[in-house]
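Colleague: This is the structure I want to talk about, given as structure tokens.
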Amino acid sequence: MTNTPTNTRVFRSILITGASGGIGMALAAYYAAPHCTLILWGRNPQRLEEISMRCRACGAQVVTREIDLQNGQAALAAYAEDDQAHTPDLVILGAGLADIQGHDSLTEDPEKVFELASVNYATPISMATAAARAMITRQGGQIVLIGSVAGFYELPFAAAYSSSKAGLAFFAKAARLAWQRYGVFVTLIAPGFVDTAMSQRLESPRPFLVSPRDAARIIARAIAERQAECVFPSPFKVLNVLMCFMPKTWREYILLRLAVGQKGRE
Ligand SMILES: NC(=O)c1ccc[n+]([C@@H]2O[C@H](COP(=O)([O-])OP(=O)(O)OC[C@H]3O[C@@H](n4cnc5c(N)ncnc54)[C@H](OP(=O)(O)O)[C@@H]3O)[C@@H](O)[C@H]2O)c1
């Protein structure tokens with residue numbers, strides 16, 4: 001593989017899931033260049049078309065796939081097709097969804113929990129494994145999993161979301177150890193608040209908010225440097241350390257008092 005850690009423009013073929021969302025669109029636009037094939041996955045055909053046109057205008061070759069990642073088997077079959085046709089050397093698994101437990105509800109909605117577990121955890125780790133298998137035979141590649149700072153906290157109002165991202169983070173660490181000896185590098189991205197549809201649904205402050213464009217730049221640098229983990233923006237790194245050293249009772253006291261709501265809940 002010819003990629004060098006300092007040049008973000010050398011990937012030949014990049015597959016992005018969640019390419020119809022705020023962060024995924026910004027990443028696709030960031031990497032769009034004449035030498036590059038972008039394989040853009042999402043569900044919303046209008047937004048896929050919109051980002052495809054923007055990327056083609058930058059000279060990239062673009063193929064799109066409308067797919068629901070709740071169906072992990074379908075995702076693996078589709079990945080096999082796209083891998084054979086386009087041999088991606090960078091796979092960014094960014095599709096995800098979030099949900100906040102309603103104030104008047106005793107638990108999260110079990111069906112939503114299953115959807116979250118599938119889209120945020122089961123499908124991306126299965127796709128990452130399929131990508132690694134193929135990349136190992138090609139002597140290298142990079143796999144990026146988009147987690148969240150929420151994965152560092154046992155959020156009582158979002159147990160499914162925080163645990164799905166915690167699982168993804170643990171998978172990323174283990175997979176990196178397993179595959180880097182074969183030239184396949186895994187990076188976990190753990191953003192704080194990024195100004196996309198996902199965080200715009202929250203009924204709470206979004207401290208240290210980052211634009212999707214800035215997020216894409218930060219993520220691309222982490223990818224170029226083959227970082228194991230990229231937590232941004234920086235105040236969340238500090239918060240992590242503080243929360244780790246805090247006595248458990250204080251930590252739980254704080255987590256139980258966080259009041260986060262979600263717009264549009266019926
Ligand atoms: N925004 C934040 O503040 C923030 C913070 C931390 C982590 N993250 C993570 O960043 C990633 C991207 O989120 P975003 O902020 O860009 O949110 P977004 O704008 O809501 O985009 C989410 C993306 O995931 C796709 N997706 C959701 N469910 C899917 C399903 N069942 N099948 C296929 N695709 C599905 C969406 O596709 P369609 O729109 O086409 O349905 C969309 O492309 C997520 O993993 C999220 O957890 C975001």
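Residue numbering restarts at 1 for every chain of the structure tokens, chains are lettered A, B, ... in their displayed order, and ligands are numbered from 1 as they appear.
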Which protein, DNA or RNA residues have an atom within 6 Å of ligand 1, counting only C-alpha atoms and all ligand atoms, as a PyMOL selection string?
Modeller: chain A and resi 18-24+42-44+67-70+94-97+119+146-148+191-199
Colleague: Considering only strand (DSSP E) as DSSP defines it on the backbone, what residues of region 8-125 of chain A qualify? List them as a list in words.
Modeller: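 Secondary structure check on region 8-125 of chain A, strand (DSSP E): Ser13, Ile14, Leu15, Ile16, Thr17, Thr37, Leu38, Ile39, Leu40, Trp41, Gly42, Gln61, Val62, Val63, Thr64, Arg65, Glu66, Leu90, Val91, Ile92 and Leu93 of chain A.
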Colleague: Can I get the selected residues back with N, CA, C and O atoms, as an mmCIF file, in the first residue's frame?
Modeller:
data_model
loop_
_atom_site.group_PDB
_atom_site.id
_atom_site.type_symbol
_atom_site.label_atom_id
_atom_site.label_comp_id
_atom_site.auth_asym_id
_atom_site.auth_seq_id
_atom_site.Cartn_x
_atom_site.Cartn_y
_atom_site.Cartn_z
ATOM 1 N N SER A 13 -9.822 4.508 -3.289
ATOM 2 C CA SER A 13 -11.206 4.049 -3.268
ATOM 3 C C SER A 13 -11.701 4.063 -1.816
ATOM 4 O O SER A 13 -11.103 3.419 -0.955
ATOM 5 N N ILE A 14 -12.767 4.814 -1.585
ATOM 6 C CA ILE A 14 -13.224 5.022 -0.196
ATOM 7 C C ILE A 14 -14.706 4.676 -0.087
ATOM 8 O O ILE A 14 -15.533 5.222 -0.833
ATOM 9 N N LEU A 15 -15.019 3.782 0.825
ATOM 10 C CA LEU A 15 -16.431 3.455 1.079
ATOM 11 C C LEU A 15 -16.854 4.149 2.366
ATOM 12 O O LEU A 15 -16.165 4.052 3.379
ATOM 13 N N ILE A 16 -17.984 4.851 2.297
ATOM 14 C CA ILE A 16 -18.483 5.581 3.478
ATOM 15 C C ILE A 16 -19.928 5.168 3.748
ATOM 16 O O ILE A 16 -20.796 5.329 2.863
ATOM 17 N N THR A 17 -20.219 4.653 4.951
ATOM 18 C CA THR A 17 -21.633 4.444 5.313
ATOM 19 C C THR A 17 -22.092 5.697 6.061
ATOM 20 O O THR A 17 -21.299 6.392 6.688
ATOM 21 N N THR A 37 -12.327 7.009 -6.206
ATOM 22 C CA THR A 37 -13.691 6.481 -6.319
ATOM 23 C C THR A 37 -14.335 6.527 -4.943
ATOM 24 O O THR A 37 -13.743 6.043 -3.970
ATOM 25 N N LEU A 38 -15.514 7.109 -4.873
ATOM 26 C CA LEU A 38 -16.252 7.166 -3.606
ATOM 27 C C LEU A 38 -17.457 6.237 -3.695
ATOM 28 O O LEU A 38 -18.248 6.343 -4.641
ATOM 29 N N ILE A 39 -17.571 5.361 -2.730
ATOM 30 C CA ILE A 39 -18.708 4.433 -2.689
ATOM 31 C C ILE A 39 -19.562 4.905 -1.507
ATOM 32 O O ILE A 39 -19.176 4.728 -0.348
ATOM 33 N N LEU A 40 -20.666 5.539 -1.838
ATOM 34 C CA LEU A 40 -21.427 6.241 -0.804
ATOM 35 C C LEU A 40 -22.698 5.471 -0.453
ATOM 36 O O LEU A 40 -23.566 5.262 -1.312
ATOM 37 N N TRP A 41 -22.804 5.080 0.804
ATOM 38 C CA TRP A 41 -23.962 4.322 1.271
ATOM 39 C C TRP A 41 -24.851 5.211 2.137
ATOM 40 O O TRP A 41 -24.344 6.007 2.941
ATOM 41 N N GLY A 42 -26.164 5.047 1.980
ATOM 42 C CA GLY A 42 -27.114 5.762 2.828
ATOM 43 C C GLY A 42 -28.507 5.250 2.522
ATOM 44 O O GLY A 42 -28.671 4.286 1.765
ATOM 45 N N GLN A 61 -15.039 9.831 -8.999
ATOM 46 C CA GLN A 61 -16.024 8.879 -9.523
ATOM 47 C C GLN A 61 -16.871 8.448 -8.340
ATOM 48 O O GLN A 61 -16.317 8.165 -7.263
ATOM 49 N N VAL A 62 -18.177 8.396 -8.538
ATOM 50 C CA VAL A 62 -19.055 8.111 -7.401
ATOM 51 C C VAL A 62 -20.015 6.976 -7.733
ATOM 52 O O VAL A 62 -20.619 6.971 -8.809
ATOM 53 N N VAL A 63 -20.128 6.037 -6.812
ATOM 54 C CA VAL A 63 -21.213 5.059 -6.902
ATOM 55 C C VAL A 63 -21.985 5.136 -5.591
ATOM 56 O O VAL A 63 -21.395 5.392 -4.540
ATOM 57 N N THR A 64 -23.292 4.958 -5.667
ATOM 58 C CA THR A 64 -24.089 5.054 -4.443
ATOM 59 C C THR A 64 -24.836 3.753 -4.188
ATOM 60 O O THR A 64 -25.061 2.961 -5.111
ATOM 61 N N ARG A 65 -25.200 3.569 -2.946
ATOM 62 C CA ARG A 65 -25.999 2.400 -2.603
ATOM 63 C C ARG A 65 -27.012 2.801 -1.537
ATOM 64 O O ARG A 65 -26.628 3.308 -0.483
ATOM 65 N N GLU A 66 -28.284 2.561 -1.862
ATOM 66 C CA GLU A 66 -29.339 2.791 -0.861
ATOM 67 C C GLU A 66 -29.508 1.496 -0.098
ATOM 68 O O GLU A 66 -29.849 0.459 -0.673
ATOM 69 N N LEU A 90 -9.936 2.508 1.975
ATOM 70 C CA LEU A 90 -10.395 3.155 3.208
ATOM 71 C C LEU A 90 -11.894 2.896 3.352
ATOM 72 O O LEU A 90 -12.665 3.148 2.417
ATOM 73 N N VAL A 91 -12.284 2.372 4.500
ATOM 74 C CA VAL A 91 -13.703 2.130 4.774
ATOM 75 C C VAL A 91 -14.076 2.929 6.022
ATOM 76 O O VAL A 91 -13.481 2.729 7.088
ATOM 77 N N ILE A 92 -15.018 3.840 5.870
ATOM 78 C CA ILE A 92 -15.455 4.664 7.005
ATOM 79 C C ILE A 92 -16.874 4.249 7.376
ATOM 80 O O ILE A 92 -17.815 4.433 6.590
ATOM 81 N N LEU A 93 -17.015 3.678 8.570
ATOM 82 C CA LEU A 93 -18.319 3.174 8.997
ATOM 83 C C LEU A 93 -18.952 4.227 9.905
ATOM 84 O O LEU A 93 -18.704 4.255 11.121
#
Colleague: Among region 25-104 of chain A, which ones does DSSP place in helix (DSSP H, G or I), written as a PyMOL selection string?
Modeller: chain A and resi 25-31+45-57+72-86
Colleague: If we count only C-alpha atoms, what is near region 27-36 of chain A at a cut-off of 6 Å, once residues fewer than 2 positions away on the same chain are taken out, given as a list in words?
Modeller: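 Within the cut-off, the hits are Arg12, Ser13, Gly24, Met25, Cys55, Cys58, Gly59, Ala60 and Ala216 of chain A.
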Colleague: Excluding same-chain residues fewer than 4 positions from Ala169 (chain A), what lies within 8 Å of it counting only C-alpha atoms, as number ranges by chain?
Modeller: A: 147, 151, 165, 173, 188
Colleague: Pick from A:Gln180, A:Ser163, A:Thr123, A:Ser105: nearest to Gln73 (chain A), with only C-alpha atoms counted?
Modeller: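 Comparing A:Gln180, A:Ser163, A:Thr123, A:Ser105 against Gln73 (chain A), the winner is A:Thr123.
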Colleague: I want to know what sits within 10 Å of Phe185 (chain A), based on only C-alpha atoms, with residues of the same chain fewer than 5 positions away left out; could you give that as a list in words?
Modeller: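 In the requested format, the answer is Leu90, Ala132, Met135, Gly140, Gly141, Gln142, Ile143, Val144, Ala172, Ala175, Arg176, Leu177, Ala178, Trp179, Gln180, Ile223, Arg226, Gln227 and Ala228 of chain A.
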Colleague: Quick one, how far is CA of Asp109 (chain A) from CA of Phe171 (chain A)?
Modeller: 25.2 Å
Colleague: When distances are computed from only C-alpha atoms, which of A:Val186, A:Leu145, A:Ile51, A:Ala158 shows the smallest separation from Thr107 (chain A)?
Modeller: A:Ala158
Colleague: For the atom pair CA of Ile100 (chain A) and CA of Val149 (chain A), what is the interatomic distance in Å to one decimal place?
Modeller: 15.2 Å
Colleague: List the neighbours of Gln84 (chain A) out to 12 Å using only C-alpha atoms; skip same-chain residues closer than 6 positions along the sequence, and give me the result as a short mmCIF file (atom, residue, chain, number, x, y, z; two decimals) with N, CA and C atoms, in the first residue's frame.
Modeller:
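Result file is out22.cif:
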data_model
loop_
_atom_site.label_atom_id
_atom_site.label_comp_id
_atom_site.auth_asym_id
_atom_site.auth_seq_id
_atom_site.Cartn_x
_atom_site.Cartn_y
_atom_site.Cartn_z
N SER A 13 -9.82 4.51 -3.29
CA SER A 13 -11.21 4.05 -3.27
C SER A 13 -11.70 4.06 -1.82
N ALA A 77 -23.54 -8.74 2.27
CA ALA A 77 -23.61 -9.13 0.84
C ALA A 77 -23.27 -7.93 -0.04
N ALA A 78 -23.80 -6.77 0.34
CA ALA A 78 -23.53 -5.55 -0.44
C ALA A 78 -22.05 -5.18 -0.33
N ALA A 130 -15.37 -7.88 7.58
CA ALA A 130 -15.35 -8.25 6.15
C ALA A 130 -14.32 -7.40 5.41
N ALA A 131 -14.28 -6.12 5.74
CA ALA A 131 -13.31 -5.23 5.08
C ALA A 131 -11.88 -5.66 5.42
N ALA A 134 -10.69 -8.71 3.45
CA ALA A 134 -10.34 -8.38 2.06
C ALA A 134 -9.05 -7.56 2.02
N MET A 135 -8.91 -6.62 2.94
CA MET A 135 -7.73 -5.75 2.94
C MET A 135 -6.46 -6.54 3.27
N ARG A 138 -5.03 -7.95 0.39
CA ARG A 138 -4.44 -6.93 -0.49
C ARG A 138 -3.25 -6.23 0.19
#
Colleague: Using only C-alpha atoms, which residues sit within 9 Å of Leu255 (chain A) once same-chain residues fewer than 3 positions away are excluded, as a VMD selection string?
Modeller: chain A and resid 153 to 157 250 to 252 258 to 259
Colleague: Filtering to all heavy atoms, could you give me those residues as a compact mmCIF listing (two decimals), in the first residue's frame?
Modeller:
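Contents of the output file result-v7.txt:
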# COMPACT_ATOMS: atom_id res chain seq x y z
N TYR A 153 -19.42 7.05 28.64
CA TYR A 153 -20.27 7.25 29.83
C TYR A 153 -21.49 6.34 29.80
O TYR A 153 -22.11 6.18 28.74
CB TYR A 153 -20.76 8.72 29.89
CG TYR A 153 -19.62 9.69 29.79
CD1 TYR A 153 -19.39 10.40 28.61
CD2 TYR A 153 -18.74 9.87 30.84
CE1 TYR A 153 -18.33 11.27 28.49
CE2 TYR A 153 -17.66 10.72 30.74
CZ TYR A 153 -17.46 11.43 29.56
OH TYR A 153 -16.39 12.27 29.45
N GLU A 154 -21.85 5.83 30.97
CA GLU A 154 -23.04 4.99 31.07
C GLU A 154 -24.26 5.91 31.22
O GLU A 154 -24.75 6.14 32.32
CB GLU A 154 -22.90 4.00 32.25
CG GLU A 154 -22.60 4.58 33.63
CD GLU A 154 -21.13 5.00 33.84
OE1 GLU A 154 -20.44 5.30 32.86
OE2 GLU A 154 -20.71 5.04 35.00
N LEU A 155 -24.74 6.44 30.08
CA LEU A 155 -25.80 7.46 30.12
C LEU A 155 -27.15 6.82 30.45
O LEU A 155 -27.67 6.04 29.65
CB LEU A 155 -25.89 8.18 28.77
CG LEU A 155 -24.63 8.93 28.31
CD1 LEU A 155 -24.84 9.56 26.94
CD2 LEU A 155 -24.21 9.99 29.34
N PRO A 156 -27.74 7.15 31.60
CA PRO A 156 -28.99 6.46 31.97
C PRO A 156 -30.15 6.79 31.05
O PRO A 156 -31.08 6.00 30.93
CB PRO A 156 -29.26 6.97 33.40
CG PRO A 156 -28.29 8.02 33.69
CD PRO A 156 -27.25 8.07 32.62
N PHE A 157 -30.11 7.95 30.37
CA PHE A 157 -31.21 8.34 29.48
C PHE A 157 -30.96 7.86 28.04
O PHE A 157 -31.78 8.09 27.15
CB PHE A 157 -31.39 9.86 29.48
CG PHE A 157 -30.10 10.60 29.20
CD1 PHE A 157 -29.66 10.81 27.92
CD2 PHE A 157 -29.30 11.02 30.26
CE1 PHE A 157 -28.45 11.45 27.67
CE2 PHE A 157 -28.09 11.66 30.02
CZ PHE A 157 -27.66 11.87 28.72
N TRP A 250 -19.90 9.98 42.89
CA TRP A 250 -20.00 11.33 42.29
C TRP A 250 -20.37 11.20 40.82
O TRP A 250 -21.21 11.94 40.32
CB TRP A 250 -18.67 12.07 42.37
CG TRP A 250 -18.22 12.45 43.74
CD1 TRP A 250 -18.66 11.94 44.93
CD2 TRP A 250 -17.19 13.40 44.04
NE1 TRP A 250 -17.96 12.51 45.97
CE2 TRP A 250 -17.05 13.41 45.45
CE3 TRP A 250 -16.37 14.22 43.27
CZ2 TRP A 250 -16.14 14.22 46.10
CZ3 TRP A 250 -15.45 15.02 43.92
CH2 TRP A 250 -15.34 15.03 45.31
N ARG A 251 -19.68 10.29 40.15
CA ARG A 251 -19.93 10.08 38.70
C ARG A 251 -21.40 9.73 38.47
O ARG A 251 -22.07 10.31 37.63
CB ARG A 251 -19.01 8.94 38.23
CG ARG A 251 -19.12 8.59 36.76
CD ARG A 251 -18.18 7.43 36.44
NE ARG A 251 -18.46 6.91 35.11
CZ ARG A 251 -17.72 7.18 34.03
NH1 ARG A 251 -16.65 7.91 34.11
NH2 ARG A 251 -18.06 6.67 32.85
N GLU A 252 -21.90 8.80 39.28
CA GLU A 252 -23.30 8.37 39.10
C GLU A 252 -24.27 9.50 39.45
O GLU A 252 -25.30 9.67 38.79
CB GLU A 252 -23.57 7.12 39.95
CG GLU A 252 -22.86 5.91 39.35
CD GLU A 252 -23.03 4.64 40.15
OE1 GLU A 252 -23.57 4.71 41.29
OE2 GLU A 252 -22.62 3.58 39.65
N LEU A 258 -28.16 14.59 34.69
CA LEU A 258 -28.12 15.19 33.34
C LEU A 258 -29.54 15.14 32.76
O LEU A 258 -30.18 14.09 32.76
CB LEU A 258 -27.18 14.41 32.42
CG LEU A 258 -25.68 14.52 32.71
CD1 LEU A 258 -24.91 13.59 31.79
CD2 LEU A 258 -25.20 15.96 32.54
N ALA A 259 -30.04 16.28 32.32
CA ALA A 259 -31.40 16.32 31.75
C ALA A 259 -31.29 16.56 30.26
O ALA A 259 -30.94 17.65 29.82
CB ALA A 259 -32.20 17.42 32.41
Colleague: Under the rule that only C-alpha atoms are counted, which of A:Ala222, A:Ala117, A:Leu48, A:Ala128 is the nearest residue to Val184 (chain A)?
Modeller: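 Among the listed residues, the smallest separation from Val184 (chain A) belongs to A:Ala128.
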Colleague: Quote the spacing between CA of Leu202 (chain A) and CA of Val260 (chain A) in Å to one decimal place.
Modeller: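 That distance, rounded to one decimal, is 7.0 Å.
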